[in-house]
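Enquirer: Take a look at this one; I'll ask things after.
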Amino acid sequence: MSKQDSNSSEELTHLDEEGRARMVNVGQKPISHRCCIARCEVLMQEKTLERIGTGDLPKGDVLAVARIAGIQAAKRTDEWIPLAHPLPIESVEVLLLPDPGNSRLRIQATVESHSRTGVEMEALVAASAAGLTVYDMCKSIDRGMSVQNIRLASKTGGKSGHYIREGEGEFQPRTEGEQ
């Protein structure tokens with residue numbers, strides 16, 4: 001369930017009249033400011049989360065590398081998602097918040113652009129890539145980790161208006177590395 005200012009369309013825009021995949025023509029859509037926030041979590045053993053916080057891992061600073069991976073992935077989303085448009089991204093922010101009480105690392109990616117189409121996929125790809133990078137950097141000590149609950153938390157801009165996923169509070173991170 002979600003809060004939305006306007007009704008969403010039931011039409012599948014990435015299919016033509018015969019049901020074949022196509023890239024949507026956005027050329028006539030007005031340019032508007034778009035901002036999307038995506039989130040996910042990486043569940044892990046508590047000792048893995050502790051080692052991330054202290055920087056005691058063989059591959060180095062997990063948080064810094066995951067942040068850069070998320071930013072880089074957002075900029076290359078059209079190479080990951082076949083029908084996504086290449087977009088002029090103006091801002092990407094990736095936050096990583098250790099949540100020791102729940103043995104997880106919370107990840108939030110925020111992407112902004114002035115464009116004719118939304119940046120939902122860019123934010124989702126950024127959060128996913130950051131989570132997968134955490135897994136890659138920590139797998140030697142914790143193969144049981146899982147990247148979970150990848151989701152769009154909110155979006156603004158465009159014809160469909162504002163969207164906030166129900167139950168998504170504002171991400172209020174402490175300073176990264178703070179326990």
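We label chains A, B, ... in the order they appear in the structure tokens, count residues from 1 in each chain, and number ligands from 1 in the order shown.
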Output as a compact mmCIF listing (two decimals) with C-alpha atoms, in the first residue's frame all residues of chain A that backbone DSSP marks as strand (DSSP E or B).

Expert:
# COMPACT_ATOMS: atom_id res chain seq x y z
CA SER A 2 1.22 3.49 -0.72
CA LYS A 3 0.30 7.15 -0.64
CA GLN A 4 0.16 8.69 -4.07
CA LEU A 15 5.23 -3.28 -24.59
CA ALA A 21 9.39 -5.11 -25.60
CA SER A 32 10.85 17.95 -14.20
CA HIS A 33 12.93 17.55 -11.08
CA ARG A 34 13.01 13.86 -10.12
CA CYS A 35 14.20 12.44 -6.81
CA CYS A 36 14.01 8.82 -5.74
CA ILE A 37 15.10 7.02 -2.60
CA ALA A 38 15.69 3.26 -2.58
CA ARG A 39 16.65 1.11 0.38
CA CYS A 40 17.84 -2.37 1.26
CA GLU A 41 19.49 -4.23 4.10
CA VAL A 42 22.39 -6.65 4.33
CA LEU A 43 21.80 -9.18 7.10
CA ILE A 89 22.10 12.32 -13.11
CA GLU A 90 22.80 15.37 -11.00
CA SER A 91 23.26 13.77 -7.60
CA VAL A 92 23.75 10.34 -6.04
CA GLU A 93 24.08 9.82 -2.30
CA VAL A 94 24.58 6.40 -0.74
CA LEU A 95 24.26 6.10 3.05
CA LEU A 96 25.25 2.99 4.99
CA LEU A 97 24.06 2.67 8.57
CA PRO A 98 25.17 -0.19 10.83
CA ASP A 99 22.23 -1.50 12.87
CA ARG A 104 22.28 -5.67 9.62
CA LEU A 105 23.66 -2.84 7.55
CA ARG A 106 20.95 -0.49 6.28
CA ILE A 107 21.55 1.09 2.88
CA GLN A 108 19.83 4.10 1.33
CA ALA A 109 20.48 5.50 -2.15
CA THR A 110 19.10 8.88 -3.23
CA VAL A 111 19.26 9.93 -6.88
CA GLU A 112 18.24 13.28 -8.37
CA SER A 113 17.88 14.52 -11.93
CA HIS A 114 16.03 17.03 -14.07
CA SER A 115 14.73 14.73 -16.76
CA SER A 146 21.88 -11.83 2.52
CA VAL A 147 20.89 -8.67 0.67
CA GLN A 148 17.20 -8.19 1.37
CA ASN A 149 14.17 -5.99 0.99
CA ILE A 150 15.32 -3.94 -1.99
CA ARG A 151 12.59 -1.36 -2.46
CA LEU A 152 11.61 2.09 -3.64
CA ALA A 153 11.00 4.16 -0.48
CA SER A 154 9.85 7.37 -2.17
CA LYS A 155 9.81 9.36 -5.38
CA THR A 156 8.97 12.89 -6.44
CA TYR A 163 4.96 8.42 -3.80
CA ILE A 164 5.91 7.27 -0.31
CA ARG A 165 5.97 3.56 0.54

Enquirer: Output as a VMD selection string all residues of stretch 59-153 of chain A that backbone DSSP marks as alpha helix (DSSP H).

Expert: chain A and resid 62 to 75 77 to 80 120 to 138

Enquirer: Could the residues in this selection be written to a file with C-alpha atoms, as a PDB file, in the first residue's frame?

Expert:
ATOM      1  CA  VAL A  62      33.730  -1.809   3.255  1.00  0.00           C
ATOM      2  CA  LEU A  63      31.599   1.307   3.726  1.00  0.00           C
ATOM      3  CA  ALA A  64      33.707   3.499   1.439  1.00  0.00           C
ATOM      4  CA  VAL A  65      33.910   0.898  -1.334  1.00  0.00           C
ATOM      5  CA  ALA A  66      30.164   0.098  -1.140  1.00  0.00           C
ATOM      6  CA  ARG A  67      29.331   3.825  -1.317  1.00  0.00           C
ATOM      7  CA  ILE A  68      31.441   4.265  -4.460  1.00  0.00           C
ATOM      8  CA  ALA A  69      29.968   1.084  -5.989  1.00  0.00           C
ATOM      9  CA  GLY A  70      26.446   2.441  -5.481  1.00  0.00           C
ATOM     10  CA  ILE A  71      27.293   5.788  -7.041  1.00  0.00           C
ATOM     11  CA  GLN A  72      29.019   4.148 -10.004  1.00  0.00           C
ATOM     12  CA  ALA A  73      26.114   1.731 -10.540  1.00  0.00           C
ATOM     13  CA  ALA A  74      23.528   4.549 -10.537  1.00  0.00           C
ATOM     14  CA  LYS A  75      25.451   6.278 -13.323  1.00  0.00           C
ATOM     15  CA  THR A  77      21.870   1.900 -14.827  1.00  0.00           C
ATOM     16  CA  ASP A  78      21.006   1.975 -18.539  1.00  0.00           C
ATOM     17  CA  GLU A  79      23.724  -0.674 -19.022  1.00  0.00           C
ATOM     18  CA  TRP A  80      22.172  -2.918 -16.329  1.00  0.00           C
ATOM     19  CA  GLU A 120      13.621   4.919  -9.671  1.00  0.00           C
ATOM     20  CA  MET A 121      15.809   2.345 -11.401  1.00  0.00           C
ATOM     21  CA  GLU A 122      18.958   4.379 -10.759  1.00  0.00           C
ATOM     22  CA  ALA A 123      18.217   4.496  -7.019  1.00  0.00           C
ATOM     23  CA  LEU A 124      17.305   0.783  -6.895  1.00  0.00           C
ATOM     24  CA  VAL A 125      20.446  -0.216  -8.813  1.00  0.00           C
ATOM     25  CA  ALA A 126      22.591   1.966  -6.532  1.00  0.00           C
ATOM     26  CA  ALA A 127      21.196   0.391  -3.344  1.00  0.00           C
ATOM     27  CA  SER A 128      21.525  -3.107  -4.830  1.00  0.00           C
ATOM     28  CA  ALA A 129      25.119  -2.586  -5.982  1.00  0.00           C
ATOM     29  CA  ALA A 130      26.117  -1.187  -2.591  1.00  0.00           C
ATOM     30  CA  GLY A 131      24.574  -4.233  -0.873  1.00  0.00           C
ATOM     31  CA  LEU A 132      26.224  -6.677  -3.254  1.00  0.00           C
ATOM     32  CA  THR A 133      29.561  -4.945  -2.717  1.00  0.00           C
ATOM     33  CA  VAL A 134      29.220  -5.392   1.058  1.00  0.00           C
ATOM     34  CA  TYR A 135      28.586  -9.082   0.416  1.00  0.00           C
ATOM     35  CA  ASP A 136      31.604  -9.360  -1.882  1.00  0.00           C
ATOM     36  CA  MET A 137      33.919  -7.654   0.580  1.00  0.00           C
ATOM     37  CA  CYS A 138      32.781  -9.727   3.580  1.00  0.00           C
TER      38      CYS A 138
END

Enquirer: Let me make sure I understand: among A:Pro100, A:Gly158, A:Gly167, A:Gly144, which one has the smallest atom-to-atom distance to A:Gly53 if we use only C-alpha atoms?

Expert: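 Checking each candidate against A:Gly53, we get A:Pro100 as the closest.
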
Enquirer: Work out how far atom CA of A:Ile31 is from atom CA of A:Arg76, in Å to one decimal.

Expert: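 For atom CA of A:Arg76 relative to atom CA of A:Ile31, the distance reads 20.6 Å.
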
Enquirer: Quick one, how far is atom CA of A:Pro58 from atom CA of A:Glu46?

Expert: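 Atom-to-atom, atom CA of A:Pro58 and atom CA of A:Glu46 are spaced 17.3 Å apart.
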
Enquirer: Neighbours of A:Gln45 within 10 Å (only C-alpha atoms; same-chain residues fewer than 5 positions away dropped), as a list in words?

Expert: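 The residues that qualify are Glu50, Pro100, Asn102, Ser103, Arg104, Ile141, Asp142, Arg143, Gly144 and Met145 of chain A.
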
Enquirer: For C-alpha atoms, I'd like the residues from the last selection saved as an mmCIF file, in the first residue's frame.

Expert:
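The resulting out09.cif:
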data_model
loop_
_atom_site.group_PDB
_atom_site.id
_atom_site.type_symbol
_atom_site.label_atom_id
_atom_site.label_comp_id
_atom_site.auth_asym_id
_atom_site.auth_seq_id
_atom_site.Cartn_x
_atom_site.Cartn_y
_atom_site.Cartn_z
ATOM 1 C CA GLU A 50 31.533 -5.245 14.165
ATOM 2 C CA PRO A 100 23.955 -3.689 15.473
ATOM 3 C CA ASN A 102 19.484 -6.315 14.273
ATOM 4 C CA SER A 103 22.788 -7.621 12.797
ATOM 5 C CA ARG A 104 22.282 -5.666 9.616
ATOM 6 C CA ILE A 141 34.227 -14.290 6.824
ATOM 7 C CA ASP A 142 30.428 -14.603 6.468
ATOM 8 C CA ARG A 143 28.983 -16.505 3.496
ATOM 9 C CA GLY A 144 25.553 -16.537 5.151
ATOM 10 C CA MET A 145 24.919 -12.826 4.547
#
